[in-house]
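File shown here: protein_38.pdb, holding PDB, C-alpha atoms and all ligand atoms.
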```
ATOM      1  CA  MET A  29       0.000   0.000   0.000
ATOM      2  CA  THR A  30       1.334   3.465  -0.887
ATOM      3  CA  GLY A  31       1.898   6.055   1.804
ATOM      4  CA  GLU A  32      -0.941   8.095   0.309
ATOM      5  CA  ALA A  33      -3.381   5.162   0.397
ATOM      6  CA  MET A  34      -2.420   4.468   4.007
ATOM      7  CA  ALA A  35      -2.977   8.123   4.904
ATOM      8  CA  GLU A  36      -6.453   7.967   3.331
ATOM      9  CA  ARG A  37      -7.366   4.953   5.478
ATOM     10  CA  SER A  38      -6.111   6.662   8.619
ATOM     11  CA  LEU A  39      -8.648   7.271  11.369
ATOM     12  CA  PHE A  40      -7.738  10.935  11.190
ATOM     13  CA  SER A  41      -7.694  11.376   7.406
ATOM     14  CA  LEU A  42      -9.650  14.245   5.884
ATOM     15  CA  SER A  43      -8.671  13.246   2.373
ATOM     16  CA  GLY A  44     -11.336  14.212  -0.173
ATOM     17  CA  LYS A  45     -13.120  16.500   2.315
ATOM     18  CA  VAL A  46     -13.793  20.214   1.936
ATOM     19  CA  VAL A  47     -13.420  22.286   5.113
ATOM     20  CA  LEU A  48     -14.654  25.865   5.487
ATOM     21  CA  VAL A  49     -12.930  27.742   8.334
ATOM     22  CA  THR A  50     -14.112  31.259   9.126
ATOM     23  CA  GLY A  51     -11.502  33.625  10.526
ATOM     24  CA  SER A  52      -8.667  31.578   9.013
ATOM     25  CA  SER A  53      -6.376  34.388   7.872
ATOM     26  CA  ARG A  54      -4.490  34.207  11.193
ATOM     27  CA  GLY A  55      -4.502  32.816  14.734
ATOM     28  CA  ILE A  56      -6.455  29.695  15.657
ATOM     29  CA  GLY A  57      -8.404  29.613  12.372
ATOM     30  CA  ARG A  58      -5.247  29.574  10.298
ATOM     31  CA  ALA A  59      -3.757  26.780  12.412
ATOM     32  CA  VAL A  60      -7.009  24.814  12.045
ATOM     33  CA  ALA A  61      -6.958  25.242   8.254
ATOM     34  CA  GLU A  62      -3.308  24.163   8.130
ATOM     35  CA  ALA A  63      -3.996  21.074  10.266
ATOM     36  CA  CYS A  64      -6.942  20.098   8.051
ATOM     37  CA  ALA A  65      -4.820  20.535   4.908
ATOM     38  CA  GLU A  66      -2.138  18.404   6.546
ATOM     39  CA  ALA A  67      -4.811  15.734   7.105
ATOM     40  CA  GLY A  68      -5.586  15.785   3.378
ATOM     41  CA  ALA A  69      -8.533  18.204   3.124
ATOM     42  CA  ARG A  70      -9.153  21.061   0.749
ATOM     43  CA  VAL A  71      -9.642  24.179   2.855
ATOM     44  CA  VAL A  72     -11.520  27.430   2.388
ATOM     45  CA  ILE A  73      -9.693  30.379   3.914
ATOM     46  CA  SER A  74     -12.009  33.205   4.929
ATOM     47  CA  SER A  75     -11.927  36.497   6.826
ATOM     48  CA  ARG A  76     -12.895  40.088   6.045
ATOM     49  CA  ASN A  77      -9.583  40.732   4.290
ATOM     50  CA  GLN A  78      -9.187  39.111   0.866
ATOM     51  CA  LEU A  79      -5.455  39.871   0.628
ATOM     52  CA  ALA A  80      -4.737  38.216   3.974
ATOM     53  CA  CYS A  81      -6.770  35.160   2.881
ATOM     54  CA  ASP A  82      -4.864  35.048  -0.436
ATOM     55  CA  GLU A  83      -1.555  34.911   1.428
ATOM     56  CA  VAL A  84      -2.596  32.047   3.686
ATOM     57  CA  ALA A  85      -4.041  30.105   0.741
ATOM     58  CA  LYS A  86      -0.848  30.667  -1.219
ATOM     59  CA  ALA A  87       1.234  29.263   1.641
ATOM     60  CA  ILE A  88      -1.009  26.183   1.991
ATOM     61  CA  ASN A  89      -1.011  25.568  -1.775
ATOM     62  CA  ALA A  90       2.781  25.912  -1.857
ATOM     63  CA  ARG A  91       3.056  23.261   0.846
ATOM     64  CA  HIS A  92       0.341  20.796  -0.157
ATOM     65  CA  GLY A  93      -0.169  21.349  -3.888
ATOM     66  CA  GLU A  94      -2.301  23.617  -6.041
ATOM     67  CA  ALA A  95      -6.044  23.838  -5.449
ATOM     68  CA  ARG A  96      -5.846  22.741  -1.820
ATOM     69  CA  ALA A  97      -6.809  26.168  -0.438
ATOM     70  CA  LEU A  98      -9.438  28.581  -1.719
ATOM     71  CA  PRO A  99      -9.399  32.156  -0.351
ATOM     72  CA  VAL A 100     -12.810  33.856  -0.117
ATOM     73  CA  ALA A 101     -13.419  37.030   1.921
ATOM     74  CA  ALA A 102     -16.672  37.348   3.884
ATOM     75  CA  SER A 103     -17.717  39.097   7.070
ATOM     76  CA  ILE A 104     -19.535  36.869   9.530
ATOM     77  CA  SER A 105     -21.811  39.797  10.397
ATOM     78  CA  ASP A 106     -23.129  39.954   6.811
ATOM     79  CA  ARG A 107     -25.614  37.191   6.068
ATOM     80  CA  LYS A 108     -25.568  37.887   2.324
ATOM     81  CA  ALA A 109     -21.764  37.637   2.260
ATOM     82  CA  LEU A 110     -21.979  34.251   4.005
ATOM     83  CA  GLU A 111     -24.579  33.076   1.478
ATOM     84  CA  ASN A 112     -22.226  34.103  -1.345
ATOM     85  CA  LEU A 113     -19.300  32.389   0.388
ATOM     86  CA  VAL A 114     -21.114  29.059   0.709
ATOM     87  CA  GLU A 115     -22.509  29.299  -2.837
ATOM     88  CA  LEU A 116     -19.081  30.018  -4.297
ATOM     89  CA  VAL A 117     -17.452  27.100  -2.475
ATOM     90  CA  GLN A 118     -20.236  24.746  -3.521
ATOM     91  CA  GLN A 119     -19.863  25.902  -7.143
ATOM     92  CA  GLN A 120     -16.088  25.470  -7.088
ATOM     93  CA  TRP A 121     -15.753  22.342  -4.969
ATOM     94  CA  GLY A 122     -19.265  20.846  -4.967
ATOM     95  CA  MET A 123     -19.661  20.386  -1.238
ATOM     96  CA  ILE A 124     -18.759  21.627   2.226
ATOM     97  CA  ASP A 125     -18.179  18.513   4.354
ATOM     98  CA  ILE A 126     -16.856  20.261   7.451
ATOM     99  CA  LEU A 127     -17.753  23.698   8.769
ATOM    100  CA  VAL A 128     -15.601  25.389  11.400
ATOM    101  CA  CYS A 129     -17.298  28.512  12.807
ATOM    102  CA  ASN A 130     -14.167  30.087  14.220
ATOM    103  CA  ALA A 131     -14.350  33.861  13.696
ATOM    104  CA  ALA A 132     -15.775  35.878  16.599
ATOM    105  CA  THR A 133     -15.917  39.395  17.983
ATOM    106  CA  ASN A 134     -15.338  41.144  21.266
ATOM    107  CA  PRO A 135     -15.691  44.925  20.905
ATOM    108  CA  TYR A 136     -16.151  45.684  24.632
ATOM    109  CA  SER A 137     -14.270  45.361  27.873
ATOM    110  CA  GLY A 138     -15.872  46.536  31.125
ATOM    111  CA  PRO A 139     -18.799  45.936  33.453
ATOM    112  CA  LEU A 140     -21.636  43.983  31.828
ATOM    113  CA  LEU A 141     -24.301  46.390  33.030
ATOM    114  CA  ASP A 142     -22.551  49.271  31.239
ATOM    115  CA  ILE A 143     -22.233  47.643  27.811
ATOM    116  CA  PRO A 144     -23.954  49.638  25.051
ATOM    117  CA  ASP A 145     -26.796  47.708  23.418
ATOM    118  CA  GLU A 146     -25.086  47.915  20.011
ATOM    119  CA  ALA A 147     -21.948  46.218  21.357
ATOM    120  CA  PHE A 148     -23.934  43.473  23.088
ATOM    121  CA  LEU A 149     -26.035  42.874  19.972
ATOM    122  CA  LYS A 150     -22.922  42.791  17.783
ATOM    123  CA  ILE A 151     -21.349  40.150  20.039
ATOM    124  CA  LEU A 152     -24.479  38.004  19.969
ATOM    125  CA  ARG A 153     -24.884  38.469  16.215
ATOM    126  CA  ASN A 154     -21.281  37.587  15.330
ATOM    127  CA  ASN A 155     -20.612  34.918  17.929
ATOM    128  CA  VAL A 156     -23.941  33.098  18.028
ATOM    129  CA  LEU A 157     -26.419  34.093  15.312
ATOM    130  CA  SER A 158     -23.896  34.030  12.458
ATOM    131  CA  ASN A 159     -22.892  30.484  13.470
ATOM    132  CA  GLN A 160     -26.533  29.504  13.176
ATOM    133  CA  TRP A 161     -26.740  31.247   9.760
ATOM    134  CA  LEU A 162     -23.711  29.365   8.471
ATOM    135  CA  MET A 163     -25.022  26.053   9.727
ATOM    136  CA  GLY A 164     -28.334  26.752   8.012
ATOM    137  CA  LEU A 165     -26.454  27.359   4.764
ATOM    138  CA  VAL A 166     -24.328  24.201   4.784
ATOM    139  CA  VAL A 167     -26.742  21.715   6.375
ATOM    140  CA  PRO A 168     -29.071  21.106   3.374
ATOM    141  CA  ALA A 169     -26.195  19.644   1.298
ATOM    142  CA  MET A 170     -24.855  17.729   4.335
ATOM    143  CA  ARG A 171     -28.347  16.269   4.850
ATOM    144  CA  ARG A 172     -28.497  15.097   1.234
ATOM    145  CA  GLN A 173     -25.123  13.455   1.722
ATOM    146  CA  ARG A 174     -26.126  12.112   5.155
ATOM    147  CA  ALA A 175     -22.745  13.194   6.531
ATOM    148  CA  GLY A 176     -21.068  16.307   7.869
ATOM    149  CA  ALA A 177     -19.207  17.772  10.802
ATOM    150  CA  ILE A 178     -19.748  21.191  12.320
ATOM    151  CA  ILE A 179     -17.389  22.659  14.893
ATOM    152  CA  VAL A 180     -17.885  25.946  16.738
ATOM    153  CA  MET A 181     -14.907  27.704  18.335
ATOM    154  CA  SER A 182     -16.267  28.683  21.727
ATOM    155  CA  SER A 183     -14.105  29.517  24.757
ATOM    156  CA  ILE A 184     -13.510  28.513  28.364
ATOM    157  CA  GLY A 185     -14.829  32.044  28.977
ATOM    158  CA  GLY A 186     -18.270  30.486  28.515
ATOM    159  CA  LEU A 187     -17.675  28.442  31.666
ATOM    160  CA  PHE A 188     -17.121  31.248  34.161
ATOM    161  CA  GLY A 189     -18.047  34.838  34.993
ATOM    162  CA  SER A 190     -15.811  37.816  34.266
ATOM    163  CA  ASP A 191     -15.789  41.449  35.373
ATOM    164  CA  THR A 192     -14.553  42.637  31.946
ATOM    165  CA  ILE A 193     -15.751  40.364  29.124
ATOM    166  CA  GLY A 194     -19.156  39.272  30.386
ATOM    167  CA  ALA A 195     -21.077  39.678  27.126
ATOM    168  CA  TYR A 196     -18.430  37.768  25.168
ATOM    169  CA  ASN A 197     -18.576  34.978  27.746
ATOM    170  CA  ILE A 198     -22.370  34.875  27.514
ATOM    171  CA  SER A 199     -22.067  34.456  23.735
ATOM    172  CA  LYS A 200     -19.555  31.632  24.155
ATOM    173  CA  ALA A 201     -21.817  29.902  26.691
ATOM    174  CA  ALA A 202     -24.642  30.205  24.151
ATOM    175  CA  ASP A 203     -22.417  28.388  21.655
ATOM    176  CA  PHE A 204     -22.261  25.384  24.008
ATOM    177  CA  GLN A 205     -26.049  25.190  23.904
ATOM    178  CA  LEU A 206     -26.160  25.900  20.169
ATOM    179  CA  VAL A 207     -24.081  22.790  19.467
ATOM    180  CA  ARG A 208     -26.037  20.680  21.970
ATOM    181  CA  ASN A 209     -29.278  21.663  20.335
ATOM    182  CA  LEU A 210     -28.168  21.158  16.756
ATOM    183  CA  ALA A 211     -26.521  17.865  17.668
ATOM    184  CA  VAL A 212     -29.980  16.689  18.730
ATOM    185  CA  GLU A 213     -31.641  18.068  15.607
ATOM    186  CA  LEU A 214     -29.065  16.868  13.073
ATOM    187  CA  GLY A 215     -27.943  13.530  14.490
ATOM    188  CA  ARG A 216     -30.515  11.614  12.450
ATOM    189  CA  ASP A 217     -28.913  13.077   9.305
ATOM    190  CA  GLY A 218     -25.451  11.775  10.180
ATOM    191  CA  ILE A 219     -24.171  15.261  11.039
ATOM    192  CA  THR A 220     -22.099  15.867  14.180
ATOM    193  CA  VAL A 221     -22.053  19.264  15.901
ATOM    194  CA  ASN A 222     -19.453  20.060  18.550
ATOM    195  CA  ALA A 223     -17.681  22.968  20.201
ATOM    196  CA  ILE A 224     -14.107  23.561  21.249
ATOM    197  CA  ALA A 225     -13.384  25.747  24.272
ATOM    198  CA  PRO A 226      -9.788  26.975  24.135
ATOM    199  CA  GLY A 227      -8.034  28.525  27.100
ATOM    200  CA  VAL A 228      -5.633  31.417  26.549
ATOM    201  CA  ILE A 229      -3.996  30.933  23.141
ATOM    202  CA  ARG A 230      -1.230  33.153  21.766
ATOM    203  CA  THR A 231      -3.060  35.202  19.088
ATOM    204  CA  GLU A 232      -3.673  38.854  18.296
ATOM    205  CA  PHE A 233      -7.186  38.584  19.751
ATOM    206  CA  ALA A 234      -5.957  37.322  23.120
ATOM    207  CA  LYS A 235      -2.967  39.654  23.557
ATOM    208  CA  PRO A 236      -4.562  41.581  26.444
ATOM    209  CA  LEU A 237      -4.885  38.251  28.297
ATOM    210  CA  TYR A 238      -1.192  37.358  28.181
ATOM    211  CA  GLU A 239       0.729  40.636  27.823
ATOM    212  CA  GLY A 240       2.119  42.846  30.560
ATOM    213  CA  GLY A 241       3.295  40.063  32.865
ATOM    214  CA  GLU A 242       0.115  38.007  32.525
ATOM    215  CA  GLU A 243       1.885  35.253  30.582
ATOM    216  CA  GLU A 244       4.280  34.659  33.478
ATOM    217  CA  ARG A 245       1.365  34.555  35.917
ATOM    218  CA  LEU A 246      -0.505  32.063  33.713
ATOM    219  CA  ASN A 247       2.618  29.943  33.283
ATOM    220  CA  GLY A 248       2.677  29.654  37.048
ATOM    221  CA  ILE A 249      -0.897  28.370  37.414
ATOM    222  CA  VAL A 250      -1.837  26.545  34.202
ATOM    223  CA  PRO A 251      -1.063  22.856  34.912
ATOM    224  CA  LEU A 252       0.897  22.447  31.664
ATOM    225  CA  ARG A 253       2.868  25.591  32.648
ATOM    226  CA  ARG A 254       2.370  27.498  29.400
ATOM    227  CA  ILE A 255      -0.289  29.344  27.466
ATOM    228  CA  GLY A 256      -1.582  27.637  24.318
ATOM    229  CA  GLU A 257      -0.361  28.058  20.774
ATOM    230  CA  PRO A 258      -2.782  28.123  17.789
ATOM    231  CA  GLU A 259      -1.391  24.723  16.712
ATOM    232  CA  ASP A 260      -2.686  23.230  19.978
ATOM    233  CA  ILE A 261      -6.230  23.539  18.602
ATOM    234  CA  GLY A 262      -5.777  22.193  15.047
ATOM    235  CA  GLY A 263      -5.505  18.522  15.985
ATOM    236  CA  ALA A 264      -8.756  18.607  17.957
ATOM    237  CA  VAL A 265     -10.617  19.882  14.905
ATOM    238  CA  VAL A 266      -9.106  17.094  12.796
ATOM    239  CA  PHE A 267     -10.236  14.584  15.435
ATOM    240  CA  LEU A 268     -13.809  15.900  15.571
ATOM    241  CA  ALA A 269     -14.067  16.145  11.768
ATOM    242  CA  SER A 270     -12.561  12.765  10.903
ATOM    243  CA  ARG A 271     -13.649   9.127  11.309
ATOM    244  CA  ALA A 272     -11.886   9.153  14.683
ATOM    245  CA  GLY A 273     -14.547  11.516  16.068
ATOM    246  CA  ALA A 274     -17.544   9.990  14.286
ATOM    247  CA  TYR A 275     -19.442   9.138  17.508
ATOM    248  CA  VAL A 276     -18.821  12.469  19.253
ATOM    249  CA  THR A 277     -21.630  15.015  19.033
ATOM    250  CA  GLY A 278     -23.127  17.771  21.187
ATOM    251  CA  HIS A 279     -19.856  17.893  23.093
ATOM    252  CA  THR A 280     -17.604  20.771  24.134
ATOM    253  CA  LEU A 281     -13.935  19.883  24.178
ATOM    254  CA  VAL A 282     -11.950  22.079  26.577
ATOM    255  CA  ILE A 283      -8.348  22.640  25.419
ATOM    256  CA  ASP A 284      -6.683  24.817  28.014
ATOM    257  CA  GLY A 285      -3.549  23.115  29.338
ATOM    258  CA  GLY A 286      -5.605  22.045  32.356
ATOM    259  CA  ALA A 287      -6.530  25.580  33.481
ATOM    260  CA  MET A 288     -10.182  24.758  34.192
ATOM    261  CA  THR A 289      -9.158  21.618  36.042
ATOM    262  CA  ARG A 290      -7.287  23.814  38.465
ATOM    263  CA  GLY A 291     -10.407  25.992  38.685
ATOM    264  CA  ILE A 292      -8.666  29.334  38.381
ATOM    265  CA  ILE A 293      -7.325  31.413  35.529
TER     266      ILE A 293
HETATM  267  N1  LIG B 301      -6.944  33.282  21.438
HETATM  268  C1  LIG B 301      -7.554  32.862  22.537
HETATM  269  O1  LIG B 301      -7.001  32.881  23.658
HETATM  270  C2  LIG B 301      -8.959  32.316  22.447
HETATM  271  C3  LIG B 301      -9.466  31.669  23.576
HETATM  272  C4  LIG B 301     -10.734  31.128  23.521
HETATM  273  C5  LIG B 301     -11.475  31.229  22.360
HETATM  274  N2  LIG B 301     -10.971  31.879  21.285
HETATM  275  C6  LIG B 301     -11.791  31.936  20.074
HETATM  276  O2  LIG B 301     -11.029  31.485  18.968
HETATM  277  C7  LIG B 301     -11.540  32.095  17.778
HETATM  278  C8  LIG B 301     -10.393  32.680  16.973
HETATM  279  O3  LIG B 301      -9.739  33.666  17.737
HETATM  280  P1  LIG B 301      -8.199  34.028  17.574
HETATM  281  O4  LIG B 301      -7.668  34.191  18.929
HETATM  282  O5  LIG B 301      -7.556  33.095  16.633
HETATM  283  O6  LIG B 301      -8.312  35.478  16.912
HETATM  284  P2  LIG B 301      -7.395  36.248  15.829
HETATM  285  O7  LIG B 301      -6.004  35.749  15.839
HETATM  286  O8  LIG B 301      -7.644  37.692  16.065
HETATM  287  O9  LIG B 301      -8.055  35.805  14.444
HETATM  288  C9  LIG B 301      -9.387  36.140  14.184
HETATM  289  C10 LIG B 301      -9.726  35.754  12.757
HETATM  290  O10 LIG B 301     -11.100  36.062  12.514
HETATM  291  C11 LIG B 301     -11.208  37.019  11.449
HETATM  292  N3  LIG B 301     -12.346  37.878  11.732
HETATM  293  C12 LIG B 301     -12.477  38.785  12.729
HETATM  294  N4  LIG B 301     -13.679  39.379  12.639
HETATM  295  C13 LIG B 301     -14.304  38.837  11.566
HETATM  296  C14 LIG B 301     -15.576  39.052  10.957
HETATM  297  N5  LIG B 301     -16.422  39.961  11.416
HETATM  298  N6  LIG B 301     -15.872  38.320   9.859
HETATM  299  C15 LIG B 301     -15.008  37.407   9.362
HETATM  300  N7  LIG B 301     -13.807  37.166   9.895
HETATM  301  C16 LIG B 301     -13.476  37.872  10.983
HETATM  302  C17 LIG B 301      -9.851  37.726  11.442
HETATM  303  O11 LIG B 301      -9.528  38.315  10.192
HETATM  304  P3  LIG B 301      -9.996  39.822   9.769
HETATM  305  O12 LIG B 301      -9.835  40.681  10.981
HETATM  306  O13 LIG B 301      -9.079  40.171   8.651
HETATM  307  O14 LIG B 301     -11.425  39.684   9.330
HETATM  308  C18 LIG B 301      -8.925  36.542  11.732
HETATM  309  O15 LIG B 301      -8.765  35.746  10.582
HETATM  310  C19 LIG B 301     -12.580  33.098  18.241
HETATM  311  O16 LIG B 301     -13.851  32.495  18.161
HETATM  312  C20 LIG B 301     -12.248  33.336  19.705
HETATM  313  O17 LIG B 301     -13.374  33.727  20.444
HETATM  314  C21 LIG B 301      -9.717  32.427  21.301
END
```
Can the structure in the file be given as structure tokens, please?
Ligand SMILES: NC(=O)c1ccc[n+]([C@@H]2O[C@H](COP(=O)([O-])OP(=O)(O)OC[C@H]3O[C@@H](n4cnc5c(N)ncnc54)[C@H](OP(=O)(O)O)[C@@H]3O)[C@@H](O)[C@H]2O)c1
Amino acid sequence: MTGEAMAERSLFSLSGKVVLVTGSSRGIGRAVAEACAEAGARVVISSRNQLACDEVAKAINARHGEARALPVAASISDRKALENLVELVQQQWGMIDILVCNAATNPYSGPLLDIPDEAFLKILRNNVLSNQWLMGLVVPAMRRQRAGAIIVMSSIGGLFGSDTIGAYNISKAADFQLVRNLAVELGRDGITVNAIAPGVIRTEFAKPLYEGGEEERLNGIVPLRRIGEPEDIGGAVVFLASRAGAYVTGHTLVIDGGAMTRGII
């Protein structure tokens, strides 16, 4: 058997699959797209910035071969843009087998009772409602195929209260319930729906959480004695999306170096 044939039979192979990852121009989303490409998938790179998506796709195509990455800009707050995104991918590649709702927003830091309505609504729209929109767009084709995997990037923030990012945490807690509910609704169609809850991961988004001495403090209390890297999340997505994770649905996988186990962050 050739190495390629063996890779295709691997429990963790995504060979022949198409994966759409929102927010994949950098950070966790990029690492997820790279891990899926490594596992054999074709990946759709998406964010608001077409040039940034082009660069990531170029790098993946250079590494894994032409036509393995397709860059398509779309804002998760724009339902029409998401419709166009899904339509374009389906036209080009026929199918979206795996959806990773990774992009999210947090425009506010401060007491929850002081958050302007617009900021709260934006957080709920981008972090919860847009995930539901995207699922609604990809599920009809998954249903016809009687297969599919949907993964929502939530956060351990959804597991505890905060005096600065309360609305964001509420949205991430809603994502836990979103995947539980859709797992129940879509199980009969052979579609799994799960969430991942990362701890503090070294990305632009999370800089305020690990800069200014915070990284040293976290290194002292996180059981694995370090903050996470974007690559720490990619393998979990491959697991949930591949044959290896076929019987996992409605679940939230915490990936935080053990921080929640210690009960303090
Ligand atoms: N890093 C952490 O510690 C951490 C912890 C727990 C959970 N998370 C979650 O992990 C996910 C990824 O975060 P990250 O840390 O990787 O952030 P990041 O490095 O800032 O990357 C965010 C990605 O999303 C895109 N994006 C932002 N707003 C968008 C929008 N409105 N429409 C489409 N794309 C958008 C960004 O590109 P453009 O700005 O060019 O659009 C970028 O590609 C988020 O759901 C976040 O809540 C992160």
Once you count all atoms listed in the file, which residues end up within 6 Å of ligand LIG 301 (chain B), and could you hand them over as a PyMOL selection string?
chain A and resi 50-57+75-77+102-105+130-133+181-183+226-234
Name every residue that the PyMOL selection byres (((chain A and resi 268) around 12) and not hetatm) selects in this structure, writing the answer as a PyMOL selection string with chains first and numbers rising.
chain A and resi 39-42+60+64+126-128+176-180+219-224+261-267+269-281
Result set of the PyMOL selection byres (((chain A and resi 216) around 12) and not hetatm) on the coordinates above, as a PyMOL selection string
chain A and resi 170-172+174-176+210-215+217-221+277
Output file for the selection above: C-alpha atoms, as a PDB file, keeping the file's coordinate frame:
```pdb
ATOM      1  CA  MET A 170     -24.855  17.729   4.335  1.00  0.00           C
ATOM      2  CA  ARG A 171     -28.347  16.269   4.850  1.00  0.00           C
ATOM      3  CA  ARG A 172     -28.497  15.097   1.234  1.00  0.00           C
ATOM      4  CA  ARG A 174     -26.126  12.112   5.155  1.00  0.00           C
ATOM      5  CA  ALA A 175     -22.745  13.194   6.531  1.00  0.00           C
ATOM      6  CA  GLY A 176     -21.068  16.307   7.869  1.00  0.00           C
ATOM      7  CA  LEU A 210     -28.168  21.158  16.756  1.00  0.00           C
ATOM      8  CA  ALA A 211     -26.521  17.865  17.668  1.00  0.00           C
ATOM      9  CA  VAL A 212     -29.980  16.689  18.730  1.00  0.00           C
ATOM     10  CA  GLU A 213     -31.641  18.068  15.607  1.00  0.00           C
ATOM     11  CA  LEU A 214     -29.065  16.868  13.073  1.00  0.00           C
ATOM     12  CA  GLY A 215     -27.943  13.530  14.490  1.00  0.00           C
ATOM     13  CA  ASP A 217     -28.913  13.077   9.305  1.00  0.00           C
ATOM     14  CA  GLY A 218     -25.451  11.775  10.180  1.00  0.00           C
ATOM     15  CA  ILE A 219     -24.171  15.261  11.039  1.00  0.00           C
ATOM     16  CA  THR A 220     -22.099  15.867  14.180  1.00  0.00           C
ATOM     17  CA  VAL A 221     -22.053  19.264  15.901  1.00  0.00           C
ATOM     18  CA  THR A 277     -21.630  15.015  19.033  1.00  0.00           C
TER      19      THR A 277
END
```
I would like the residues chosen by the PyMOL selection byres (((chain A and resi 99) around 8) and not hetatm) on the shown file; could you give them as a PDB file with C-alpha atoms, in the frame of the given file?
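Output below, filename out-v2.pdb:
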```pdb
ATOM      1  CA  VAL A  72     -11.520  27.430   2.388  1.00  0.00           C
ATOM      2  CA  ILE A  73      -9.693  30.379   3.914  1.00  0.00           C
ATOM      3  CA  SER A  74     -12.009  33.205   4.929  1.00  0.00           C
ATOM      4  CA  GLN A  78      -9.187  39.111   0.866  1.00  0.00           C
ATOM      5  CA  CYS A  81      -6.770  35.160   2.881  1.00  0.00           C
ATOM      6  CA  ASP A  82      -4.864  35.048  -0.436  1.00  0.00           C
ATOM      7  CA  VAL A  84      -2.596  32.047   3.686  1.00  0.00           C
ATOM      8  CA  ALA A  85      -4.041  30.105   0.741  1.00  0.00           C
ATOM      9  CA  ALA A  97      -6.809  26.168  -0.438  1.00  0.00           C
ATOM     10  CA  LEU A  98      -9.438  28.581  -1.719  1.00  0.00           C
ATOM     11  CA  VAL A 100     -12.810  33.856  -0.117  1.00  0.00           C
ATOM     12  CA  ALA A 101     -13.419  37.030   1.921  1.00  0.00           C
TER      13      ALA A 101
END
```
Please return the centre and edge lengths, in Å to one decimal, of a box with edges along x, y and z that contains all listed atoms of region 54-58 of chain A, widened by 6 Å on every side, as AutoDock Vina command-line options.
```
--center_x -6.4 --center_y 31.9 --center_z 13.0 --size_x 15.9 --size_y 16.6 --size_z 17.4
```
Excluding Gly185 (chain A) and residues on its chain fewer than 2 positions from it, collect all residues at most 12 Å away from it, counting only C-alpha atoms, and give them as a PyMOL selection string.
chain A and resi 134+181-183+187-204+224-228+234+237+282-284+287-288+292-293
Which residue of A:Tyr238, A:Leu79, A:Gln120, A:His92 approaches Ala63 (chain A) most closely, using all atoms listed in the file:
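That would be A:His92, the residue with the smallest distance to Ala63 (chain A).
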Would you kindly return, as an mmCIF file with C-alpha atoms, in the frame of the given file, each protein, DNA or RNA residue with an atom no farther than 12 Å from any atom of Gly248 (chain A), considering only C-alpha atoms and excluding same-chain residues fewer than 5 positions away?
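The file below, around-v5.cif, is the result:
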```
data_model
loop_
_atom_site.group_PDB
_atom_site.id
_atom_site.type_symbol
_atom_site.label_atom_id
_atom_site.label_comp_id
_atom_site.auth_asym_id
_atom_site.auth_seq_id
_atom_site.Cartn_x
_atom_site.Cartn_y
_atom_site.Cartn_z
ATOM 1 C CA GLY A 241 3.295 40.063 32.865
ATOM 2 C CA GLU A 242 0.115 38.007 32.525
ATOM 3 C CA GLU A 243 1.885 35.253 30.582
ATOM 4 C CA ARG A 253 2.868 25.591 32.648
ATOM 5 C CA ARG A 254 2.370 27.498 29.400
ATOM 6 C CA ILE A 255 -0.289 29.344 27.466
ATOM 7 C CA GLY A 285 -3.549 23.115 29.338
ATOM 8 C CA ALA A 287 -6.530 25.580 33.481
ATOM 9 C CA ARG A 290 -7.287 23.814 38.465
ATOM 10 C CA ILE A 292 -8.666 29.334 38.381
ATOM 11 C CA ILE A 293 -7.325 31.413 35.529
#
```
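The coordinates place CA of Val47 (chain A) at 16.7 Å from CA of Trp161 (chain A).
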So which one's closest to Met123 (chain A), A:Val250, A:Ala59, A:Val167, A:Val49? Using only C-alpha atoms, please.
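For Met123 (chain A), the nearest of the given residues is A:Val167.
Between CA of Val46 (chain A) and CA of Gly68 (chain A) there is a distance of 9.4 Å.
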Which distance in Å separates CA of Gly291 (chain A) and CA of Asp260 (chain A), to one decimal?
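CA of Gly291 (chain A) sits 20.4 Å away from CA of Asp260 (chain A).
Summary of the local environment: counting only C-alpha atoms, residues at most 12 Å from Trp121 (chain A), other than itself and those fewer than 5 positions away along its chain, are Gly44, Lys45, Val46, Val47, Leu48, Ala69, Arg70, Val71, Val72, Ala95, Arg96, Ala97, Leu98, Leu113, Val114, Glu115 and Leu116 of chain A.
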